[in-house]
Amino acid sequence: MLVLLLVSLLSGCSHKKETVSAAADNAAPPPVLEVRTTPAVERLIRKSIETVGSLVPDEQVVVAGQVGGEIAELTVDVGSPVKAGQVIARISPREYELKLQQAEAALAQARAMLGEAGRRDPIDIEAVPTVRQAKAALDDARAQMERTQRLVESGDVPRQRWDTVEANYRAAEARYQAARDEAVMRIGMVEQRQAEVRLARKKLEDSAVRAPISGFVSVRHKSRGDFINEQGGNRDIVTIVRLDPIRLQANVAEVGVSYVKPNMPVRFTTDAYPGRDFPARVARISPVLNQQARLLMVEAVAPNPQGLLKPGMFARVYVDIASDVPAVFIPSLAVVSVAGVEKVFVAVDGKAVERKVRLGKRDGESVEITEGLKPGEQVITTALDRLTDGTPVRVS
């Protein structure tokens with residue numbers, strides 16, 4: 001009985017293996033997928049360092065009131081174009097006009113105290129009347145002393161006469177020096193009054209607030225009727241920015257530092273004008289890198305005659321370091337991304353072969369392949385969701 005049972009089991013296993021083998025032999029081959037392909041194309045491109053940056057004004061000035069008072073006029077608003085030297089606001093000038101008149105009257109009074117000499121600039125101290133009179137008296141005393149000396153020497157007059165004449169001369173000399181000292185003081189008063197007139201005139205001129213640069217008003221800080229305190233507080237009236245040229249500030253990674261040189265051309269794009277390149281030129285390079293990020297700050301200058309570019313715009317910056325560099329491009333739709341890994345399928349001998357690739361720059365509907373693909377290889381562009389490595393394919 002035991003022998004018969006073993007024979008029966010062995011016979012059943014053999015029959016099962018024959019059945020499985022027959023089913024495997026009769027299984028249908030995997031279906032062949034109809035696909036389309038396109039060749040990987042080689043192009044000559046410019047090799048660039050890519051980074052990001054921001055646009056900032058070429059110049060930005062906050063215009064403040066130099067004198068105190070009520071703002072009587074404000075002729076500009078946000079967006080207004082201005083020229084250098086243009087009057088953009090006026091602070092009530094009446095007080096400064098009166099102070100100027102007062103200073104001019106004080107100057108006229110100081111000049112009058114110097115007589116005819118006070119009407120000329122510069123003032124000749126010897127032309128001041130008191131000095132001139134003292135000088136004449138001194139000259140007369142000197143002449144009398146000289147005559148008396150000769151008479152004393154000849155014996156025609158006594159010695160006592162010489163003593164009197166000499167004393168008169170010394171007195172005249174002292175009066176002359178006193179007259180000069182007084183004249184110097186009065187001339188100093190005139191000069192002080194002249195300075196007061198110049199200061200009063202400057203304050204009157206400063207009541208007309210002028211634009212220091214040409215550009216556009218970006219912020220209006222004050223309104224007509226606001227009061228400006230000359231002694232302190234916020235005196236800002238408007239902010240003016242110059243937009244032509246405009247500055248581009250960007251950070252270059254440490255690996256690209258050796259390529260960036262002063263005056264070299266760069267280009268950039270903005271989201272406001274997609275597909276358009278704007279030219280610029282490197283103007284300033286920071287002497288140090290940011291220690292935390294290891295980035296080098298580079299500043300370029302771009303022409304902006306039409307004002308299309310605005311401060312604050314985000315920019316993608318390209319520093320061209322080589323031209324006519326060969327690169328491989330394929331359609332963007334041929335790339336499959338899975339968990340952050342990019343791959344393509346290439347048709348080789350009737351099968352789909354998976355290739356992991358690394359992407360470079362994008363150009364419209366094409367993308368650069370920097371690694372994993374050679375020029376001329378047939379890249380599959382359809383049925384990508386049904387392809388795996390080794391799937392049979394037929395190119396239609």
# chains A, B, ... in the order shown; residues from 1 in each chain; ligands from 1
>>> residues_around(residues="Leu107 (chain A)", least_positions_apart="3", cutoff="6 Å", atoms="only C-alpha atoms", output="PyMOL selection string")
chain A and resi 104+110+193
>>> residues_around(residues="Val282 (chain A)", least_positions_apart="3", cutoff="6 Å", atoms="only C-alpha atoms", output="list in words")
Pro262, Asn263, Met264 and Ala300 of chain A
>>> write_last_selection(atoms="N, CA and C atoms", output="PDB file, in the first residue's frame")
ATOM      1  N   PRO A 262      35.334  93.260 -14.523  1.00  0.00           N
ATOM      2  CA  PRO A 262      34.740  94.595 -14.728  1.00  0.00           C
ATOM      3  C   PRO A 262      34.530  94.880 -16.215  1.00  0.00           C
ATOM      4  N   ASN A 263      33.434  95.539 -16.498  1.00  0.00           N
ATOM      5  CA  ASN A 263      33.085  96.002 -17.846  1.00  0.00           C
ATOM      6  C   ASN A 263      32.673  94.870 -18.789  1.00  0.00           C
ATOM      7  N   MET A 264      32.552  93.621 -18.307  1.00  0.00           N
ATOM      8  CA  MET A 264      32.134  92.539 -19.194  1.00  0.00           C
ATOM      9  C   MET A 264      30.620  92.588 -19.390  1.00  0.00           C
ATOM     10  N   ALA A 300      25.733  95.538 -12.120  1.00  0.00           N
ATOM     11  CA  ALA A 300      25.823  95.892 -13.538  1.00  0.00           C
ATOM     12  C   ALA A 300      24.906  97.072 -13.825  1.00  0.00           C
TER      13      ALA A 300
END
>>> select_by_dssp(residues="region 96-252 of chain A", states="alpha helix (DSSP H)", output="PyMOL selection string")
chain A and resi 96-112+129-154+159-206
>>> select_by_dssp(residues="region 109-224 of chain A", states="strand (DSSP E or B)", output="list in words")
Ala208, Val209, Arg210, Gly215, Phe216, Val217, Ser218, Val219 and Arg220 of chain A
>>> write_last_selection(atoms="C-alpha atoms", output="CSV table (one decimal), in the first residue's frame")
chain,number,residue,atom,x,y,z
A,208,ALA,CA,12.0,127.1,-3.2
A,209,VAL,CA,12.7,123.4,-3.0
A,210,ARG,CA,14.5,122.1,-6.1
A,215,GLY,CA,14.2,111.3,-12.6
A,216,PHE,CA,10.8,110.5,-11.3
A,217,VAL,CA,9.0,111.0,-8.0
A,218,SER,CA,8.7,107.6,-6.3
A,219,VAL,CA,7.2,108.7,-2.9
A,220,ARG,CA,5.5,111.9,-1.8
>>> residues_around(residues="Ala72 (chain A)", least_positions_apart="2", cutoff="12 Å", atoms="only C-alpha atoms", output="ChimeraX atom specification")
/A:68-70,74-75,88-94,207-209,222-228
>>> closest_residue(among="A:Ile187, A:Ile240, A:Ala64, A:Pro39", to="Arg119 (chain A)", atoms="only C-alpha atoms")
A:Ile187
>>> closest_residue(among="A:Pro305, A:Gly364, A:Gly115, A:Gly85", to="Ser214 (chain A)", atoms="only C-alpha atoms")
A:Gly85
>>> residues_around(residues="region 291-298 of chain A", least_positions_apart="2", cutoff="8 Å", atoms="only C-alpha atoms", output="list in words")
Gln249, Ala250, Asn251, Val252, Ala253, Glu254, Val257, Val282, Arg284, Ile285, Ser286, Val288, Leu289 and Ala300 of chain A
>>> write_last_selection(atoms="N, CA and C atoms", output="PDB file, in the first residue's frame")
ATOM      1  N   GLN A 249      21.660  94.303  -9.455  1.00  0.00           N
ATOM      2  CA  GLN A 249      22.468  93.711  -8.389  1.00  0.00           C
ATOM      3  C   GLN A 249      22.206  92.215  -8.350  1.00  0.00           C
ATOM      4  N   ALA A 250      23.286  91.422  -8.459  1.00  0.00           N
ATOM      5  CA  ALA A 250      23.152  89.969  -8.489  1.00  0.00           C
ATOM      6  C   ALA A 250      24.266  89.348  -7.660  1.00  0.00           C
ATOM      7  N   ASN A 251      24.029  88.117  -7.211  1.00  0.00           N
ATOM      8  CA  ASN A 251      25.019  87.363  -6.439  1.00  0.00           C
ATOM      9  C   ASN A 251      25.516  86.189  -7.264  1.00  0.00           C
ATOM     10  N   VAL A 252      26.837  86.073  -7.391  1.00  0.00           N
ATOM     11  CA  VAL A 252      27.460  85.005  -8.171  1.00  0.00           C
ATOM     12  C   VAL A 252      28.074  83.991  -7.213  1.00  0.00           C
ATOM     13  N   ALA A 253      27.822  82.708  -7.468  1.00  0.00           N
ATOM     14  CA  ALA A 253      28.373  81.655  -6.621  1.00  0.00           C
ATOM     15  C   ALA A 253      29.898  81.631  -6.724  1.00  0.00           C
ATOM     16  N   GLU A 254      30.517  81.056  -5.711  1.00  0.00           N
ATOM     17  CA  GLU A 254      31.982  81.067  -5.624  1.00  0.00           C
ATOM     18  C   GLU A 254      32.635  80.429  -6.845  1.00  0.00           C
ATOM     19  N   VAL A 257      33.244  83.013  -9.646  1.00  0.00           N
ATOM     20  CA  VAL A 257      33.904  84.290  -9.347  1.00  0.00           C
ATOM     21  C   VAL A 257      35.008  84.602 -10.340  1.00  0.00           C
ATOM     22  N   VAL A 282      28.948  94.909 -16.498  1.00  0.00           N
ATOM     23  CA  VAL A 282      29.415  94.885 -15.115  1.00  0.00           C
ATOM     24  C   VAL A 282      30.126  96.202 -14.802  1.00  0.00           C
ATOM     25  N   ARG A 284      30.515  97.302 -11.126  1.00  0.00           N
ATOM     26  CA  ARG A 284      31.152  97.225  -9.811  1.00  0.00           C
ATOM     27  C   ARG A 284      31.114  95.789  -9.297  1.00  0.00           C
ATOM     28  N   ILE A 285      32.210  95.374  -8.654  1.00  0.00           N
ATOM     29  CA  ILE A 285      32.320  94.028  -8.088  1.00  0.00           C
ATOM     30  C   ILE A 285      32.757  94.167  -6.635  1.00  0.00           C
ATOM     31  N   SER A 286      32.027  93.518  -5.744  1.00  0.00           N
ATOM     32  CA  SER A 286      32.394  93.577  -4.332  1.00  0.00           C
ATOM     33  C   SER A 286      33.766  92.947  -4.121  1.00  0.00           C
ATOM     34  N   VAL A 288      34.736  91.380  -1.509  1.00  0.00           N
ATOM     35  CA  VAL A 288      34.652  90.229  -0.608  1.00  0.00           C
ATOM     36  C   VAL A 288      33.398  89.418  -0.915  1.00  0.00           C
ATOM     37  N   LEU A 289      33.420  88.155  -0.509  1.00  0.00           N
ATOM     38  CA  LEU A 289      32.255  87.286  -0.624  1.00  0.00           C
ATOM     39  C   LEU A 289      31.489  87.286   0.691  1.00  0.00           C
ATOM     40  N   ALA A 300      25.733  95.538 -12.120  1.00  0.00           N
ATOM     41  CA  ALA A 300      25.823  95.892 -13.538  1.00  0.00           C
ATOM     42  C   ALA A 300      24.906  97.072 -13.825  1.00  0.00           C
TER      43      ALA A 300
END
>>> atom_distance(atom1="CA of Arg180 (chain A)", atom2="CA of Ile125 (chain A)")
7.1 Å
>>> decode(residues="region 98-144 of chain A", atoms="N, CA and C atoms", output="short mmCIF file (atom, residue, chain, number, x, y, z; two decimals), in the first residue's frame")
data_model
loop_
_atom_site.label_atom_id
_atom_site.label_comp_id
_atom_site.auth_asym_id
_atom_site.auth_seq_id
_atom_site.Cartn_x
_atom_site.Cartn_y
_atom_site.Cartn_z
N LEU A 98 11.18 139.18 4.57
CA LEU A 98 11.32 140.24 5.59
C LEU A 98 12.69 140.18 6.26
N LYS A 99 13.18 138.99 6.55
CA LYS A 99 14.50 138.87 7.16
C LYS A 99 15.59 139.37 6.22
N LEU A 100 15.43 139.16 4.95
CA LEU A 100 16.40 139.68 3.98
C LEU A 100 16.38 141.20 3.96
N GLN A 101 15.19 141.78 3.98
CA GLN A 101 15.09 143.24 4.00
C GLN A 101 15.74 143.80 5.27
N GLN A 102 15.52 143.13 6.39
CA GLN A 102 16.10 143.57 7.65
C GLN A 102 17.63 143.51 7.58
N ALA A 103 18.18 142.44 7.05
CA ALA A 103 19.62 142.30 6.95
C ALA A 103 20.21 143.33 5.99
N GLU A 104 19.53 143.63 4.89
CA GLU A 104 20.03 144.63 3.94
C GLU A 104 20.01 146.03 4.56
N ALA A 105 19.00 146.32 5.38
CA ALA A 105 18.95 147.63 6.05
C ALA A 105 20.09 147.77 7.06
N ALA A 106 20.38 146.70 7.80
CA ALA A 106 21.49 146.75 8.76
C ALA A 106 22.81 146.91 8.05
N LEU A 107 22.96 146.31 6.88
CA LEU A 107 24.18 146.46 6.10
C LEU A 107 24.34 147.89 5.61
N ALA A 108 23.25 148.46 5.14
CA ALA A 108 23.32 149.85 4.66
C ALA A 108 23.72 150.80 5.79
N GLN A 109 23.19 150.56 7.00
CA GLN A 109 23.55 151.39 8.15
C GLN A 109 25.04 151.26 8.50
N ALA A 110 25.55 150.02 8.46
CA ALA A 110 26.96 149.81 8.76
C ALA A 110 27.85 150.47 7.71
N ARG A 111 27.45 150.44 6.46
CA ARG A 111 28.23 151.10 5.41
C ARG A 111 28.22 152.61 5.59
N ALA A 112 27.06 153.15 6.00
CA ALA A 112 26.95 154.60 6.16
C ALA A 112 27.91 155.12 7.22
N MET A 113 28.17 154.30 8.22
CA MET A 113 29.09 154.73 9.28
C MET A 113 30.53 154.84 8.78
N LEU A 114 30.80 154.30 7.62
CA LEU A 114 32.13 154.40 7.01
C LEU A 114 32.18 155.47 5.93
N GLY A 115 31.08 156.18 5.73
CA GLY A 115 31.07 157.27 4.75
C GLY A 115 31.20 156.76 3.33
N GLU A 116 31.88 157.56 2.53
CA GLU A 116 32.05 157.24 1.11
C GLU A 116 32.78 155.92 0.93
N ALA A 117 33.73 155.61 1.81
CA ALA A 117 34.50 154.39 1.67
C ALA A 117 33.64 153.15 1.83
N GLY A 118 32.55 153.25 2.59
CA GLY A 118 31.71 152.10 2.83
C GLY A 118 30.89 151.67 1.63
N ARG A 119 30.88 152.49 0.57
CA ARG A 119 30.10 152.16 -0.63
C ARG A 119 30.87 151.30 -1.62
N ARG A 120 32.14 151.06 -1.33
CA ARG A 120 32.98 150.29 -2.25
C ARG A 120 33.36 148.96 -1.61
N ASP A 121 33.62 147.98 -2.47
CA ASP A 121 34.14 146.67 -2.02
C ASP A 121 35.36 146.32 -2.87
N PRO A 122 36.49 145.98 -2.26
CA PRO A 122 36.70 145.98 -0.81
C PRO A 122 36.86 147.40 -0.27
N ILE A 123 36.63 147.56 1.01
CA ILE A 123 36.70 148.88 1.64
C ILE A 123 38.16 149.23 1.92
N ASP A 124 38.59 150.44 1.46
CA ASP A 124 39.94 150.94 1.71
C ASP A 124 39.95 151.66 3.06
N ILE A 125 40.68 151.11 4.01
CA ILE A 125 40.68 151.69 5.35
C ILE A 125 41.21 153.12 5.36
N GLU A 126 42.11 153.46 4.47
CA GLU A 126 42.68 154.81 4.43
C GLU A 126 41.68 155.82 3.87
N ALA A 127 40.61 155.31 3.21
CA ALA A 127 39.61 156.22 2.66
C ALA A 127 38.50 156.54 3.65
N VAL A 128 38.51 155.89 4.81
CA VAL A 128 37.50 156.17 5.84
C VAL A 128 37.75 157.60 6.35
N PRO A 129 36.70 158.44 6.46
CA PRO A 129 36.90 159.86 6.82
C PRO A 129 37.69 160.07 8.10
N THR A 130 37.35 159.36 9.16
CA THR A 130 38.06 159.57 10.43
C THR A 130 39.54 159.19 10.31
N VAL A 131 39.81 158.15 9.56
CA VAL A 131 41.21 157.74 9.36
C VAL A 131 41.93 158.76 8.49
N ARG A 132 41.23 159.24 7.48
CA ARG A 132 41.85 160.23 6.60
C ARG A 132 42.18 161.51 7.36
N GLN A 133 41.27 161.96 8.22
CA GLN A 133 41.53 163.18 9.01
C GLN A 133 42.69 162.95 9.99
N ALA A 134 42.70 161.81 10.65
CA ALA A 134 43.78 161.52 11.59
C ALA A 134 45.12 161.41 10.87
N LYS A 135 45.06 160.88 9.64
CA LYS A 135 46.30 160.76 8.86
C LYS A 135 46.82 162.14 8.47
N ALA A 136 45.92 163.05 8.13
CA ALA A 136 46.34 164.40 7.76
C ALA A 136 46.96 165.12 8.96
N ALA A 137 46.33 164.94 10.13
CA ALA A 137 46.88 165.57 11.34
C ALA A 137 48.24 164.98 11.68
N LEU A 138 48.40 163.70 11.46
CA LEU A 138 49.69 163.05 11.74
C LEU A 138 50.76 163.55 10.79
N ASP A 139 50.41 163.70 9.51
CA ASP A 139 51.37 164.21 8.54
C ASP A 139 51.80 165.64 8.89
N ASP A 140 50.83 166.47 9.33
CA ASP A 140 51.16 167.86 9.70
C ASP A 140 52.08 167.89 10.92
N ALA A 141 51.78 167.03 11.91
CA ALA A 141 52.62 166.98 13.10
C ALA A 141 54.02 166.50 12.77
N ARG A 142 54.13 165.58 11.83
CA ARG A 142 55.44 165.08 11.44
C ARG A 142 56.24 166.19 10.75
N ALA A 143 55.56 166.96 9.89
CA ALA A 143 56.26 168.05 9.20
C ALA A 143 56.74 169.11 10.18
N GLN A 144 55.87 169.47 11.17
CA GLN A 144 56.29 170.46 12.17
C GLN A 144 57.48 169.94 12.98
#
